[in-house]
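Visitor: What follows is query_31.tsv; its format and atoms are TSV, C-alpha atoms and all ligand atoms.
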chain	number	residue	atom	x	y	z
A	1	MET	CA	0.00	0.00	0.00
A	2	ARG	CA	1.44	3.38	-1.04
A	3	ILE	CA	0.21	6.18	1.20
A	4	VAL	CA	0.84	9.88	1.61
A	5	LEU	CA	0.04	11.27	5.06
A	6	LEU	CA	-0.90	14.96	5.10
A	7	GLY	CA	-1.66	17.42	7.89
A	8	PRO	CA	-0.20	20.49	9.58
A	9	PRO	CA	2.81	20.33	11.90
A	10	GLY	CA	1.66	18.96	15.23
A	11	SER	CA	-1.32	17.10	13.75
A	12	GLY	CA	0.15	13.78	14.87
A	13	LYS	CA	1.44	12.54	11.50
A	14	GLY	CA	4.63	11.08	12.95
A	15	THR	CA	2.85	9.28	15.80
A	16	GLN	CA	0.14	7.94	13.51
A	17	ALA	CA	2.55	6.87	10.77
A	18	ALA	CA	4.62	4.90	13.29
A	19	LEU	CA	1.49	2.97	14.40
A	20	LEU	CA	0.13	2.54	10.89
A	21	LYS	CA	3.38	1.04	9.60
A	22	ASP	CA	3.05	-1.81	12.14
A	23	ARG	CA	-0.53	-2.44	11.02
A	24	ILE	CA	0.11	-2.52	7.30
A	25	LYS	CA	3.78	-3.59	7.31
A	26	VAL	CA	5.30	-0.94	5.08
A	27	PRO	CA	8.11	1.47	6.00
A	28	HIS	CA	7.41	4.92	7.43
A	29	ILE	CA	9.40	7.52	5.53
A	30	SER	CA	9.59	10.94	7.16
A	31	THR	CA	11.52	13.64	5.31
A	32	GLY	CA	11.69	15.62	8.59
A	33	ASP	CA	13.43	12.64	10.27
A	34	LEU	CA	15.74	12.09	7.28
A	35	LEU	CA	16.68	15.79	7.30
A	36	ARG	CA	17.18	15.91	11.07
A	37	SER	CA	19.53	12.96	10.89
A	38	ALA	CA	21.47	14.61	8.00
A	39	VAL	CA	21.78	17.73	10.16
A	40	ALA	CA	22.95	15.68	13.18
A	41	ASP	CA	25.52	13.84	11.01
A	42	GLU	CA	26.65	17.15	9.50
A	43	THR	CA	26.47	15.77	5.96
A	44	PRO	CA	26.71	18.33	3.11
A	45	LEU	CA	22.92	18.10	2.71
A	46	GLY	CA	22.45	18.56	6.46
A	47	ARG	CA	24.63	21.65	6.43
A	48	GLN	CA	22.57	23.16	3.59
A	49	ALA	CA	19.22	22.21	5.13
A	50	ARG	CA	19.82	23.40	8.65
A	51	SER	CA	19.16	27.14	8.38
A	52	PHE	CA	15.87	26.56	6.52
A	53	MET	CA	14.70	24.13	9.20
A	54	ASP	CA	15.68	26.44	12.04
A	55	ARG	CA	13.53	29.18	10.53
A	56	GLY	CA	10.58	26.86	9.83
A	57	GLU	CA	10.99	27.34	6.06
A	58	LEU	CA	10.89	24.55	3.51
A	59	VAL	CA	14.24	23.11	2.51
A	60	PRO	CA	14.72	23.69	-1.27
A	61	ASP	CA	12.80	21.16	-3.39
A	62	GLU	CA	15.82	19.75	-5.22
A	63	LEU	CA	17.58	18.82	-1.97
A	64	VAL	CA	14.57	16.98	-0.60
A	65	LEU	CA	13.78	15.32	-3.93
A	66	GLY	CA	17.26	13.76	-4.01
A	67	LEU	CA	16.69	12.41	-0.52
A	68	ILE	CA	13.26	10.97	-1.30
A	69	GLU	CA	14.37	9.49	-4.63
A	70	GLU	CA	17.14	7.59	-2.91
A	71	ARG	CA	14.86	6.38	-0.10
A	72	LEU	CA	12.04	5.27	-2.43
A	73	GLY	CA	14.54	3.29	-4.50
A	74	ALA	CA	15.51	1.07	-1.54
A	75	ALA	CA	14.51	-2.60	-1.48
A	76	ASP	CA	12.32	-2.39	1.65
A	77	VAL	CA	9.93	-0.02	-0.15
A	78	GLN	CA	8.78	-2.78	-2.53
A	79	PRO	CA	5.58	-3.55	-0.54
A	80	GLY	CA	4.73	0.16	-0.27
A	81	PHE	CA	5.35	3.11	2.04
A	82	ILE	CA	3.83	5.74	4.30
A	83	LEU	CA	5.21	9.13	3.32
A	84	ASP	CA	5.14	11.64	6.17
A	85	GLY	CA	6.14	15.25	5.47
A	86	TYR	CA	6.42	14.90	1.72
A	87	PRO	CA	5.09	16.37	-0.56
A	88	ARG	CA	5.03	19.84	1.08
A	89	ASN	CA	4.12	21.98	-1.95
A	90	LEU	CA	2.61	21.48	-5.41
A	91	ALA	CA	6.00	21.23	-7.15
A	92	GLN	CA	6.94	18.37	-4.82
A	93	ALA	CA	3.58	16.68	-5.42
A	94	ARG	CA	4.16	16.79	-9.17
A	95	ALA	CA	7.77	15.60	-8.82
A	96	LEU	CA	6.55	12.70	-6.68
A	97	ASP	CA	3.89	11.78	-9.25
A	98	GLU	CA	6.56	11.68	-11.96
A	99	LEU	CA	8.99	9.67	-9.87
A	100	LEU	CA	6.37	7.10	-8.88
A	101	GLU	CA	5.06	6.88	-12.42
A	102	ARG	CA	8.59	6.00	-13.53
A	103	LEU	CA	8.74	3.34	-10.82
A	104	GLU	CA	5.20	2.18	-11.81
A	105	GLN	CA	4.16	2.59	-8.16
A	106	PRO	CA	1.63	5.44	-7.97
A	107	VAL	CA	0.22	6.80	-4.70
A	108	GLU	CA	-2.91	4.85	-3.78
A	109	LYS	CA	-4.27	7.02	-0.96
A	110	ALA	CA	-3.66	10.45	0.59
A	111	LEU	CA	-4.80	10.65	4.20
A	112	GLU	CA	-5.18	14.14	5.65
A	113	LEU	CA	-5.27	14.61	9.42
A	114	ARG	CA	-7.42	17.61	10.27
A	115	VAL	CA	-6.70	19.53	13.48
A	116	ASP	CA	-7.50	23.19	14.15
A	117	GLU	CA	-4.73	25.73	14.74
A	118	GLU	CA	-5.47	26.37	18.43
A	119	GLN	CA	-4.99	22.68	19.21
A	120	ILE	CA	-1.82	22.61	17.17
A	121	ILE	CA	-0.24	25.53	19.00
A	122	GLN	CA	-1.01	23.83	22.34
A	123	ARG	CA	0.34	20.46	21.17
A	124	LEU	CA	3.54	21.94	19.80
A	125	ALA	CA	4.15	23.93	22.99
A	126	ARG	CA	3.90	20.62	24.87
A	127	ARG	CA	6.23	18.88	22.40
A	128	ALA	CA	8.76	21.71	22.78
A	129	GLU	CA	8.88	20.99	26.51
A	130	GLU	CA	9.04	17.22	26.12
A	131	GLU	CA	11.40	16.82	23.14
A	132	GLY	CA	13.20	20.15	22.90
A	133	ARG	CA	13.04	20.30	19.09
A	134	SER	CA	14.75	23.51	17.98
A	135	ASP	CA	11.93	24.36	15.53
A	136	ASP	CA	9.12	24.08	18.10
A	137	THR	CA	9.62	27.58	19.55
A	138	GLU	CA	6.55	29.80	19.30
A	139	GLU	CA	7.90	32.09	16.60
A	140	VAL	CA	9.11	29.22	14.40
A	141	VAL	CA	5.85	27.31	14.96
A	142	ARG	CA	3.87	30.30	13.69
A	143	ASN	CA	6.03	30.40	10.60
A	144	ARG	CA	5.67	26.64	10.02
A	145	LEU	CA	1.88	27.03	10.22
A	146	LYS	CA	2.00	29.91	7.74
A	147	VAL	CA	4.16	27.84	5.37
A	148	TYR	CA	1.64	25.01	5.76
A	149	ARG	CA	-1.35	27.24	4.94
A	150	GLU	CA	0.31	28.88	1.96
A	151	GLN	CA	2.32	26.06	0.42
A	152	THR	CA	1.19	22.68	1.77
A	153	ALA	CA	-2.60	23.05	1.98
A	154	PRO	CA	-2.89	23.07	-1.87
A	155	VAL	CA	-1.33	19.59	-1.90
A	156	SER	CA	-4.58	18.20	-0.42
A	157	GLU	CA	-6.46	19.67	-3.39
A	158	HIS	CA	-4.01	17.98	-5.75
A	159	TYR	CA	-4.89	14.57	-4.30
A	160	ARG	CA	-8.59	15.44	-4.10
A	161	GLU	CA	-8.57	16.18	-7.82
A	162	HIS	CA	-7.04	12.75	-8.40
A	163	GLY	CA	-9.76	11.11	-6.27
A	164	LEU	CA	-7.23	9.91	-3.70
A	165	LEU	CA	-7.93	12.16	-0.69
A	166	ALA	CA	-9.53	11.01	2.56
A	167	GLU	CA	-9.94	13.61	5.34
A	168	ILE	CA	-9.65	12.27	8.87
A	169	ASP	CA	-10.65	14.00	12.12
A	170	GLY	CA	-7.33	14.30	13.98
A	171	ILE	CA	-8.86	15.03	17.40
A	172	GLY	CA	-9.27	12.18	19.88
A	173	SER	CA	-7.18	9.40	21.37
A	174	ILE	CA	-4.16	8.13	19.44
A	175	GLU	CA	-5.82	4.70	19.10
A	176	ASP	CA	-9.14	6.10	17.84
A	177	ILE	CA	-7.41	8.25	15.24
A	178	ASN	CA	-5.31	5.31	14.12
A	179	GLN	CA	-8.47	3.24	13.68
A	180	ARG	CA	-10.00	6.04	11.56
A	181	LEU	CA	-6.93	6.00	9.34
A	182	ALA	CA	-7.03	2.23	8.99
A	183	ASP	CA	-10.77	2.38	8.16
A	184	ALA	CA	-10.10	4.98	5.45
A	185	LEU	CA	-7.68	2.54	3.81
A	186	GLY	CA	-10.56	0.06	3.48
B	1	LIG	P1	8.65	17.85	9.95
B	1	LIG	O1	9.35	16.97	10.93
B	1	LIG	O2	7.96	17.08	8.86
B	1	LIG	O3	7.75	18.87	10.60
B	1	LIG	O4	9.79	18.69	9.20
B	1	LIG	C1	10.66	19.56	9.91
B	1	LIG	C2	11.29	20.55	8.95
B	1	LIG	O5	12.05	19.85	7.96
B	1	LIG	C3	10.32	21.43	8.15
B	1	LIG	O6	9.90	22.56	8.88
B	1	LIG	C4	11.16	21.78	6.94
B	1	LIG	O7	12.12	22.76	7.26
B	1	LIG	C5	11.93	20.48	6.69
B	1	LIG	N1	11.20	19.57	5.77
B	1	LIG	C6	10.65	18.36	6.06
B	1	LIG	N2	10.08	17.80	4.98
B	1	LIG	C7	10.26	18.70	3.97
B	1	LIG	C8	9.89	18.73	2.60
B	1	LIG	N3	9.19	17.75	2.03
B	1	LIG	N4	10.26	19.83	1.87
B	1	LIG	C9	10.96	20.83	2.41
B	1	LIG	N5	11.32	20.88	3.68
B	1	LIG	C10	10.98	19.83	4.48
Kindly return the structure encoded in the file as structure tokens.
Ligand code: AMP
Guide:
Amino acid sequence: MRIVLLGPPGSGKGTQAALLKDRIKVPHISTGDLLRSAVADETPLGRQARSFMDRGELVPDELVLGLIEERLGAADVQPGFILDGYPRNLAQARALDELLERLEQPVEKALELRVDEEQIIQRLARRAEEEGRSDDTEEVVRNRLKVYREQTAPVSEHYREHGLLAEIDGIGSIEDINQRLADALG
């Protein structure tokens, strides 16, 4: 099963993807995690990506596309994948369509977690305390939400137009939300 998981920062994508991957036995691929580990390892990509991430901006498309191309070409992706954090704008959505068309493995479902902004700001403030992520400060969170509204929200429309979008209520217990996602996969 090839799935794209959409939703604003703090909507629970990472948590839900980790649970869903155990249910449906496909790898969870998070571009945020891949980028954070490149930053921690101080790779050339990590060094280029860091300042964008610290400001809550998107890392340039070509850098992330290289990363995702390499990851989607790996052997463990044969049974499918859950993409978390990619695509983040329409150019990335189109690049992904092209890449997967070449691999003859198109996206089968786009699941969008819907959570309102007030909830998100509260959740991210909590995550900042618990995990200490450098991009969870209030100012950067506001920018990440703005980037989401302006650049990422149109990605949902892209999948809606292709008849692949399912919108999921992202409020409730982790288990309930995970069940909603599983139900949407049929
Ligand atoms: P996330 O963990 O998905 O919230 O991502 C954390 C940060 O990594 C984002 O705020 C961006 O700076 C960067 N990032 C993650 N995925 C992408 C992507 N697909 N395109 C551009 N930047 C990304």
Visitor: One number please: atom CA of A:Leu96 to atom CA of A:Leu65, in Å, one decimal.
Guide: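 Spanning atom CA of A:Leu96 to atom CA of A:Leu65 is a straight-line distance of 8.2 Å.
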Visitor: Please report the interatomic distance between atom C5 of ligand LIG 1 (chain B) and atom CA of A:Leu165 in Å with one decimal.
Guide: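 Taking atom C5 of ligand LIG 1 (chain B) and atom CA of A:Leu165, their separation equals 22.8 Å.
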Visitor: With distances taken over all atoms listed in the file, which of A:Leu100, A:Val59, A:Ala125, A:Leu19 is nearest to ligand LIG 1 (chain B)?
Guide: A:Val59
Visitor: Using only C-alpha atoms and all ligand atoms, pick whichever of A:Glu175, A:Asp61, A:Glu131, A:Glu42 has the shortest atom-to-atom distance to ligand LIG 1 (chain B).
Guide: A:Asp61
Visitor: With all atoms listed in the file counted, collect every polymer residue having an atom within 10 Å of ligand LIG 1 (chain B); state the result as an NGL selection string.
Guide: :A and (6-11 or 13-14 or 30-36 or 49-65 or 67-68 or 83-89 or 92-93 or 133-136 or 140-141 or 143-145 or 147-148 or 152)
Visitor: Mind pulling up the distance from atom CA of A:Glu104 to atom CA of A:Pro154?
Guide: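 Separation between atom CA of A:Pro154 and atom CA of A:Glu104: 24.5 Å.
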Visitor: Near A:Leu164, within 9 Å and counting all atoms listed in the file, which residues show up once chain neighbours fewer than 5 positions away are dropped, as a ChimeraX atom specification?
Guide: /A:107-111,158-159
Visitor: With a cut-off of 6 Å, could you pull out the residues of stretch 36-151 of chain A touching stretch 167-174 of chain A and give me the nearest pair of atoms for each, distance in Å to one decimal, using all atoms listed in the file, ordered by chain and ascending number, as a Markdown table?
Guide:
| residue | atom | partner | partner_atom | distance |
| --- | --- | --- | --- | --- |
| A:Glu112 | CA | A:Glu167 | CA | 4.8 |
| A:Leu113 | CA | A:Ile168 | CA | 5.0 |
| A:Arg114 | CA | A:Gly170 | CA | 5.0 |
| A:Val115 | CA | A:Gly170 | CA | 5.3 |
Visitor: For the residues in that selection, give me C-alpha atoms as a PDB file, in the coordinates of the input.
Guide:
ATOM      1  CA  GLU A 112      -5.180  14.140   5.650  1.00  0.00           C
ATOM      2  CA  LEU A 113      -5.270  14.610   9.420  1.00  0.00           C
ATOM      3  CA  ARG A 114      -7.420  17.610  10.270  1.00  0.00           C
ATOM      4  CA  VAL A 115      -6.700  19.530  13.480  1.00  0.00           C
TER       5      VAL A 115
END
Visitor: Just need the box for stretch 155-158 of chain A, edges along x, y and z, holding every atom the file lists for it with 8 Å tacked onto each side, so centre and edge lengths in Å to one decimal, as lines of an AutoDock Vina configuration file.
Guide:
center_x = -3.9
center_y = 18.8
center_z = -3.1
size_x = 21.1
size_y = 17.7
size_z = 21.3
Visitor: List every protein, DNA or RNA residue with an atom no more than 7 Å from (5.1, 5.3, 9.3) in the file's coordinates, counting only C-alpha atoms, and format the result as a PyMOL selection string.
Guide: chain A and resi 14+17-21+27-29+82
Visitor: I need the residue nearest A:Ala75 from this list: A:Lys146, A:Gly186, A:Ile3, A:Val26. Use only C-alpha atoms for the distance.
Guide: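 Under the stated criterion, the closest residue is A:Val26.
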Visitor: Pick the closest to A:Ala153 from A:Gln119, A:Ala166, A:Pro44, A:Leu90: which is it, counting only C-alpha atoms?
Guide: A:Leu90
